[in-house]
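Participant: Below is target-v5.json; it holds JSON, C-alpha atoms.
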```json
[["chain", "number", "residue", "atom", "x", "y", "z"],
["A", 7, "MET", "CA", 13.39, 1.28, -39.24],
["A", 8, "GLY", "CA", 11.13, -1.31, -37.70],
["A", 9, "TRP", "CA", 11.13, -2.69, -34.20],
["A", 10, "GLY", "CA", 14.20, -4.72, -33.39],
["A", 11, "GLU", "CA", 16.32, -2.96, -35.99],
["A", 12, "PHE", "CA", 19.23, -0.81, -34.98],
["A", 13, "ALA", "CA", 18.45, 2.85, -34.39],
["A", 14, "ASN", "CA", 19.48, 5.77, -32.16],
["A", 15, "PRO", "CA", 23.27, 6.08, -32.11],
["A", 16, "ASN", "CA", 24.70, 6.57, -28.62],
["A", 17, "ALA", "CA", 27.43, 9.07, -27.67],
["A", 18, "ALA", "CA", 30.18, 6.79, -28.98],
["A", 19, "GLY", "CA", 28.47, 6.58, -32.38],
["A", 20, "ARG", "CA", 27.45, 2.96, -31.85],
["A", 21, "PHE", "CA", 23.89, 1.98, -32.51],
["A", 22, "LEU", "CA", 21.58, 0.77, -29.77],
["A", 23, "LYS", "CA", 18.99, -1.89, -30.48],
["A", 24, "SER", "CA", 15.40, -0.69, -30.18],
["A", 25, "VAL", "CA", 13.09, -2.66, -27.96],
["A", 26, "ASN", "CA", 9.52, -3.45, -28.90],
["A", 27, "PRO", "CA", 7.38, -2.78, -25.80],
["A", 28, "CYS", "CA", 4.74, -5.20, -27.10],
["A", 29, "TYR", "CA", 7.01, -8.20, -26.66],
["A", 30, "ARG", "CA", 7.98, -7.96, -23.00],
["A", 31, "VAL", "CA", 8.51, -11.36, -21.47],
["A", 32, "ARG", "CA", 7.41, -11.95, -17.91],
["A", 33, "LYS", "CA", 9.67, -14.06, -15.79],
["A", 34, "GLU", "CA", 7.69, -16.80, -14.14],
["A", 35, "VAL", "CA", 8.28, -16.81, -10.39],
["A", 36, "GLU", "CA", 7.82, -20.03, -8.53],
["A", 37, "THR", "CA", 5.81, -19.51, -5.37],
["A", 38, "PHE", "CA", 6.28, -21.56, -2.25],
["A", 39, "MET", "CA", 5.31, -21.46, 1.38],
["A", 40, "SER", "CA", 7.61, -22.08, 4.32],
["A", 41, "THR", "CA", 6.84, -22.09, 8.01],
["A", 42, "ALA", "CA", 8.96, -21.39, 11.08],
["A", 43, "THR", "CA", 8.37, -21.58, 14.82],
["A", 44, "LEU", "CA", 8.75, -18.66, 17.24],
["A", 45, "THR", "CA", 10.97, -19.53, 20.23],
["A", 46, "SER", "CA", 10.40, -18.38, 23.80],
["A", 47, "LYS", "CA", 13.07, -15.70, 23.20],
["A", 48, "GLY", "CA", 11.10, -14.31, 20.22],
["A", 49, "GLN", "CA", 13.52, -15.74, 17.66],
["A", 50, "VAL", "CA", 12.70, -17.38, 14.34],
["A", 51, "THR", "CA", 15.02, -19.39, 12.11],
["A", 52, "ILE", "CA", 14.42, -18.29, 8.52],
["A", 53, "PRO", "CA", 14.13, -21.42, 6.34],
["A", 54, "ILE", "CA", 17.00, -22.03, 3.90],
["A", 55, "VAL", "CA", 14.70, -21.69, 0.88],
["A", 56, "VAL", "CA", 13.74, -18.17, 2.01],
["A", 57, "ARG", "CA", 17.33, -17.19, 2.86],
["A", 58, "THR", "CA", 18.49, -18.35, -0.55],
["A", 59, "ALA", "CA", 15.71, -16.47, -2.35],
["A", 60, "LEU", "CA", 16.55, -13.28, -0.42],
["A", 61, "GLY", "CA", 20.29, -13.74, -0.86],
["A", 62, "VAL", "CA", 20.99, -13.36, 2.86],
["A", 63, "ASP", "CA", 23.57, -15.17, 4.95],
["A", 64, "THR", "CA", 24.70, -15.28, 8.57],
["A", 65, "GLY", "CA", 25.04, -11.78, 10.01],
["A", 66, "ASP", "CA", 23.01, -10.07, 7.27],
["A", 67, "ARG", "CA", 20.15, -7.79, 8.25],
["A", 68, "VAL", "CA", 16.52, -8.13, 7.22],
["A", 69, "GLU", "CA", 13.63, -5.70, 7.55],
["A", 70, "PHE", "CA", 10.01, -6.42, 8.38],
["A", 71, "VAL", "CA", 7.72, -4.04, 6.50],
["A", 72, "GLN", "CA", 4.03, -3.88, 7.36],
["A", 73, "VAL", "CA", 2.04, -3.97, 4.11],
["A", 74, "GLU", "CA", -1.39, -4.09, 5.75],
["A", 75, "ALA", "CA", -2.87, -4.81, 9.16],
["A", 76, "GLY", "CA", -1.54, -8.18, 10.35],
["A", 77, "ARG", "CA", 0.65, -8.71, 7.24],
["A", 78, "PHE", "CA", 4.39, -8.10, 6.91],
["A", 79, "GLU", "CA", 7.01, -8.58, 4.21],
["A", 80, "LEU", "CA", 10.54, -9.76, 4.95],
["A", 81, "ILE", "CA", 13.07, -7.75, 2.92],
["A", 82, "ALA", "CA", 16.83, -8.22, 2.74],
["A", 83, "ALA", "CA", 18.49, -5.02, 4.05],
["A", 84, "THR", "CA", 21.81, -5.88, 2.45],
["A", 85, "GLN", "CA", 21.25, -4.28, -0.95],
["A", 86, "PRO", "CA", 24.29, -2.77, -2.64],
["A", 87, "VAL", "CA", 24.55, 1.00, -2.66],
["A", 88, "THR", "CA", 23.85, 1.01, -6.41],
["A", 89, "ALA", "CA", 20.30, -0.18, -5.64],
["A", 90, "LEU", "CA", 19.63, 3.24, -4.08],
["A", 91, "LYS", "CA", 20.08, 5.03, -7.42],
["A", 92, "GLY", "CA", 16.95, 7.00, -8.26],
["A", 93, "LEU", "CA", 15.51, 6.78, -4.75],
["A", 94, "VAL", "CA", 15.87, 10.53, -4.19],
["A", 95, "ARG", "CA", 14.89, 12.82, -7.02],
["A", 96, "LYS", "CA", 17.14, 15.63, -8.21],
["A", 97, "PRO", "CA", 16.40, 19.09, -6.76],
["A", 98, "SER", "CA", 14.62, 21.55, -9.04],
["A", 99, "SER", "CA", 17.42, 24.11, -8.64],
["A", 100, "ARG", "CA", 21.05, 23.97, -7.56],
["A", 101, "VAL", "CA", 22.02, 25.15, -4.10],
["A", 102, "GLY", "CA", 25.40, 26.75, -3.49],
["A", 103, "ILE", "CA", 27.72, 26.14, -0.54],
["A", 104, "ALA", "CA", 27.06, 29.62, 0.87],
["A", 105, "ALA", "CA", 23.30, 29.00, 0.88],
["A", 106, "MET", "CA", 23.81, 25.61, 2.59],
["A", 107, "ASN", "CA", 26.04, 27.17, 5.27],
["A", 108, "LYS", "CA", 23.45, 29.89, 5.90],
["A", 109, "VAL", "CA", 20.65, 27.32, 6.43],
["A", 110, "ILE", "CA", 22.88, 25.17, 8.66],
["A", 111, "ALA", "CA", 23.76, 28.18, 10.82],
["A", 112, "ALA", "CA", 20.11, 29.22, 11.09],
["A", 113, "GLN", "CA", 18.99, 25.72, 12.09],
["A", 114, "GLY", "CA", 21.86, 25.45, 14.57],
["A", 115, "ALA", "CA", 20.82, 28.73, 16.17],
["A", 116, "LYS", "CA", 17.22, 27.46, 16.56],
["A", 117, "ALA", "CA", 18.42, 24.27, 18.26],
["A", 118, "ARG", "CA", 20.13, 26.18, 21.10]]
```
Rewrite the structure from the file as structure tokens, please.
Facilitator:
Amino acid sequence: MGWGEFANPNAAGRFLKSVNPCYRVRKEVETFMSTATLTSKGQVTIPIVVRTALGVDTGDRVEFVQVEAGRFELIAATQPVTALKGLVRKPSSRVGIAAMNKVIAAQGAKAR
């Protein structure tokens, strides 16, 4: 079968459509620049264009991440829990409850 034809049945016996990696489409992102003024209390009002792009609203949290000396990125800290999937890799071997309890007891004894 060629690219774009149906191949690889899934667990339910339905066929999944193959994807040709040569035809990936890049989404064009419009760039813009906004400015804000720092108040005497150290506060900044984030412009509406930036808030909308980040998907943040009143009461939401944002993070400032330093990407290089003198340069920070503003990141919305209100991601859904599903966005964390894949952040931590699976352990190479399974650990039983007894082994976990043993390590917890040993670490607790060290802390005293």
Participant: Have a look at CA of Thr45 in chain A and CA of Leu60 in chain A and let me know their distance in Å, one decimal.
Facilitator: 22.3 Å
Participant: Which centre and edge lengths in Å to one decimal define the box along x, y and z that fits every listed atom of range 74-80 of chain A plus 8 Å per side, as JSON?
Facilitator:
```
{"center_x": 3.8, "center_y": -6.9, "center_z": 7.3, "size_x": 29.4, "size_y": 21.7, "size_z": 22.1}
```
Participant: When you draw a straight line from CA of Ala83 in chain A to CA of Asp66 in chain A, how long is it in Å?
Facilitator: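 Interatomic distance, CA of Ala83 in chain A to CA of Asp66 in chain A: 7.5 Å.
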Participant: Compile the contact shell of Glu79 in chain A as a ChimeraX atom specification: residues with an atom at most 12 Å away, counting only C-alpha atoms, same-chain residues fewer than 2 positions apart removed.
Facilitator: /A:56,60,68-77,81-82
Participant: For a cut-off of 12 Å around (14.9, -15.8, -2.5), file coordinates, pick out all residues using only C-alpha atoms and list them as a ChimeraX atom specification.
Facilitator: /A:35-40,52-63,80-82
Participant: Go ahead and write the residues just picked, C-alpha atoms, as a compact mmCIF listing (two decimals), in the frame of the given file.
Facilitator:
```txt
# COMPACT_ATOMS: atom_id res chain seq x y z
CA VAL A 35 8.28 -16.81 -10.39
CA GLU A 36 7.82 -20.03 -8.53
CA THR A 37 5.81 -19.51 -5.37
CA PHE A 38 6.28 -21.56 -2.25
CA MET A 39 5.31 -21.46 1.38
CA SER A 40 7.61 -22.08 4.32
CA ILE A 52 14.42 -18.29 8.52
CA PRO A 53 14.13 -21.42 6.34
CA ILE A 54 17.00 -22.03 3.90
CA VAL A 55 14.70 -21.69 0.88
CA VAL A 56 13.74 -18.17 2.01
CA ARG A 57 17.33 -17.19 2.86
CA THR A 58 18.49 -18.35 -0.55
CA ALA A 59 15.71 -16.47 -2.35
CA LEU A 60 16.55 -13.28 -0.42
CA GLY A 61 20.29 -13.74 -0.86
CA VAL A 62 20.99 -13.36 2.86
CA ASP A 63 23.57 -15.17 4.95
CA LEU A 80 10.54 -9.76 4.95
CA ILE A 81 13.07 -7.75 2.92
CA ALA A 82 16.83 -8.22 2.74
```
Participant: Could you jot down the CA of Ala42 in chain A to CA of Thr64 in chain A separation for me, Å, one decimal place?
Facilitator: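 Result for CA of Ala42 in chain A versus CA of Thr64 in chain A: 17.1 Å, one decimal.
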